[in-house]
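Enquirer: Dropping the structure in here first, questions after.
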Amino acid sequence: MRVFSFAAIGLLLAIAVAAFVGLRPQPVRVPVRPAPATPLRATIAIAPTDKALTFARSGRGVAAQTIVVTRYQDGVVTGVDLTPLMLPGEDAIAAYNRLGYNALTTFVASAKTRVSLDAATLAVPVNLRALHAAAATNYPEHADEAKVEGGPFMFAKVAQPTSSRATIPASKGLLDYEVELCLVTLSALPANAGAKGGLILCNDVTDRAALLRGADIGDIASGKGFTDGKSGAGFLPVGELFVVPRDLKAFVEPLELHLSVNGEERQHTRVTSWIWDLDRLLLETAKRSGVSWTWREGSAQLPVNTDGVLPDRTLVLAGTPAGTVFQGPGPATFVRGAFDWVAKFGQGSPVSAIIERTITDDRASGGYLQPGDVVAIRVDQMGTIENRIE
């Protein structure tokens with residue numbers, strides 16, 4: 001009888017602790033609101049042309065104008081118009097491939113006049129594809145906050161890049177941000193040749209609800225669910241500047257990523273705090289050649305062929321640091337999800353119940369991006385991104 005009493009008391013204590021953990025209010029990090037009323041008018045350091053060529057573009061089609069940027073002051077970029085050098089239909093990548101680094105720097109040095117453009121009006125600086133290779137949990141602190149083990153890993157992102165000031169469509173899911181540095185291939189690039197090409201900033205917009213519902217919780221590193229959560233119209237704003245360094249590794253080394261929501265800084269780290277560098281990301285992309293992920297619009301594979309070659313104008317997204325809205329489910333969420341599953345008499349799986357509890361609680365928190373919020377990204381020598389949720 002005494003043994004039974006001790007067991008009963010222990011069970012009651014366990015239930016009480018579980019109820020306390022599962023039902024107590026959870027701390028929530030809510031972005032500052034309201035959003036800033038004035039648009040971003042940044043001043044950005046621009047690399048000298050002996051270190052890197054920095055391109056910007058205004059207009060579209062035959063009216064497009066590409067410049068080599070030499071100054072970025074109070075939201076205005078100033079530089080040399082490349083129109084006299086460019087063939088009809090060319091963008092900065094085509095002109096660079098045809099003329100080379102030295103010819104462009106010589107032209108800029110000899111130019112007598114400069115043009116100035118409002119950074120907020122600039123278009124996507126170069127023509128880019130809609131299928132990209134992206135890295136998940138490539139920064140250790142982000143892996144920790146997301147409670148993901150087994151990373152980093154690669155997945156396919158399907159999204160046509162939009163301009164640096166494009167709006168992001170509001171979502172019924174859990175809309176999140178991710179500042180990332182992205183490699184841009186200038187021509188077909190064998191993965192084993194090492195990182196070469198240009199750089200651009202990206203906001204890797206994510207619907208965490210879609211990602212969670214599609215993920216394989218037992219094997220997150222499979223990448224399942226990530227294409228669903230990270231793909232779609234408006235889910236890839238890119239910076240207004242496209243940069244081709246003379247020495248890619250040396251250029252990347254000092255860069256620091258900054259992201260704020262409604263004026264409150266949320267992400268800040270040195271780019272090279274990553275786990276896999278750009279060379280390794282290419283090799284890991286090639287390792288997953290032929291792997292296919294099913295998502296809501298069909299299936300997707302990484303942009304690399306069986307010989308390990310990535311096509312030109314492809315983005316390789318290098319991952320994001322800590323500071324995203326998503327923090328990964330804690331013990332309370334697991335307990336509450338388990339209670340939900342029991343309350344439904346075991347219908348479905350306990351994992352699905354925990355995922356839905358995570359989504360429900362996170363949606364109720366108000367911490368994810370809402371209409372009117374503004375996400376701003378700023379990186380010296382790389383430019384800015386400012387996107388309002390609408």
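We name chains A, B, ... following the order of the structure tokens; residues begin at 1 in each chain, and ligands are numbered from 1 as shown.
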If we count only C-alpha atoms, what is near Glu386 in chain A at a cut-off of 8 Å, once residues fewer than 6 positions away on the same chain are taken out, given as an MDAnalysis selection string?

Expert: chainID A and resid 40 164:166 374:377

Enquirer: For Leu259 in chain A, find every residue with an atom within 7 Å (counting only C-alpha atoms), except residues of its own chain fewer than 5 positions away, and show them as a ChimeraX atom specification.

Expert: /A:179,265-268,376-378

Enquirer: Work out how far apart CA of Ala353 in chain A and CA of Gly173 in chain A are and give it in Å to one decimal.

Expert: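 Between CA of Ala353 in chain A and CA of Gly173 in chain A the gap works out to 16.7 Å.
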
Enquirer: List the spatial neighbours of Arg60 in chain A as a PyMOL selection string - criterion: any atom at most 12 Å away, only C-alpha atoms, same-chain residues fewer than 3 positions off excluded.

Expert: chain A and resi 57+63-66+89-91+121-127+163

Enquirer: Can you measure CA of Val244 in chain A to CA of Ser187 in chain A for me? One decimal in Å is fine.

Expert: 12.9 Å

Enquirer: Between CA of Val205 in chain A and CA of Gly232 in chain A, what is the distance, to one decimal in Å?

Expert: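 Computing it gives 9.3 Å between the two atoms.
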
Enquirer: Go through range 147-224 of chain A and collect every residue that DSSP, computed from the backbone, puts in strand (DSSP E or B); the answer should be as a list in words.

Expert: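 Those residues are Phe153, Met154, Phe155, Ala156, Lys157, Val158, Thr162, Ile168, Leu175, Asp176, Val179, Glu180, Leu181, Cys182, Leu183, Val184, Leu189, Pro190, Gly198, Leu199, Ile200, Leu201, Cys202, Asn203, Thr206 and Asp207 of chain A.
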
Enquirer: Give the answer as one residue: which of A:Arg208, A:Gly197, A:Ala364, A:Leu174 has the shortest atom-to-atom distance to Ile93 in chain A, using only C-alpha atoms?

Expert: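 Under the stated criterion, the closest residue is A:Gly197.
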
Enquirer: Which residue, A:Pro36, A:Gly225, A:Pro152, A:Gly198, has the smallest gap to Val243 in chain A when you use only C-alpha atoms?

Expert: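 Checking each of A:Pro36, A:Gly225, A:Pro152, A:Gly198 against Val243 in chain A, counting only C-alpha atoms, the winner is A:Gly198.
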
Enquirer: Neighbours of His142 in chain A within 8 Å (only C-alpha atoms; same-chain residues fewer than 6 positions away dropped), as a VMD selection string?

Expert: chain A and resid 320 to 324

Enquirer: Within 12 Å of Thr294 in chain A, counting only C-alpha atoms, which residues qualify if same-chain residues fewer than 3 places away don't, as a PyMOL selection string?

Expert: chain A and resi 155-158+214-215+222-229+231+291+297-301

Enquirer: Return the single residue from A:Val335, A:Leu369, A:Ala94, A:Val304 that is closest to Arg357 in chain A, with distances computed using only C-alpha atoms.

Expert: A:Val335

Enquirer: I need the residue nearest Gly372 in chain A from this list: A:Asp81, A:Glu390, A:Glu356, A:Asp340. Use only C-alpha atoms for the distance.

Expert: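 Under the stated criterion, the closest residue is A:Glu390.
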
Enquirer: So which one's closest to Thr360 in chain A, A:Pro48, A:Pro329, A:Pro245, A:Gly290? Using only C-alpha atoms, please.

Expert: A:Pro329

Enquirer: Closest to Ser289 in chain A among A:Val351, A:Ile275, A:Met154, A:Val108, using only C-alpha atoms?

Expert: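 Among the listed residues, the smallest separation from Ser289 in chain A belongs to A:Met154.
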
Enquirer: Excluding Leu248 in chain A and residues on its chain fewer than 6 positions from it, collect all residues at most 12 Å away from it, counting only C-alpha atoms, and give them as a PyMOL selection string.

Expert: chain A and resi 51-53+183-184+194-199+254-255+277-279
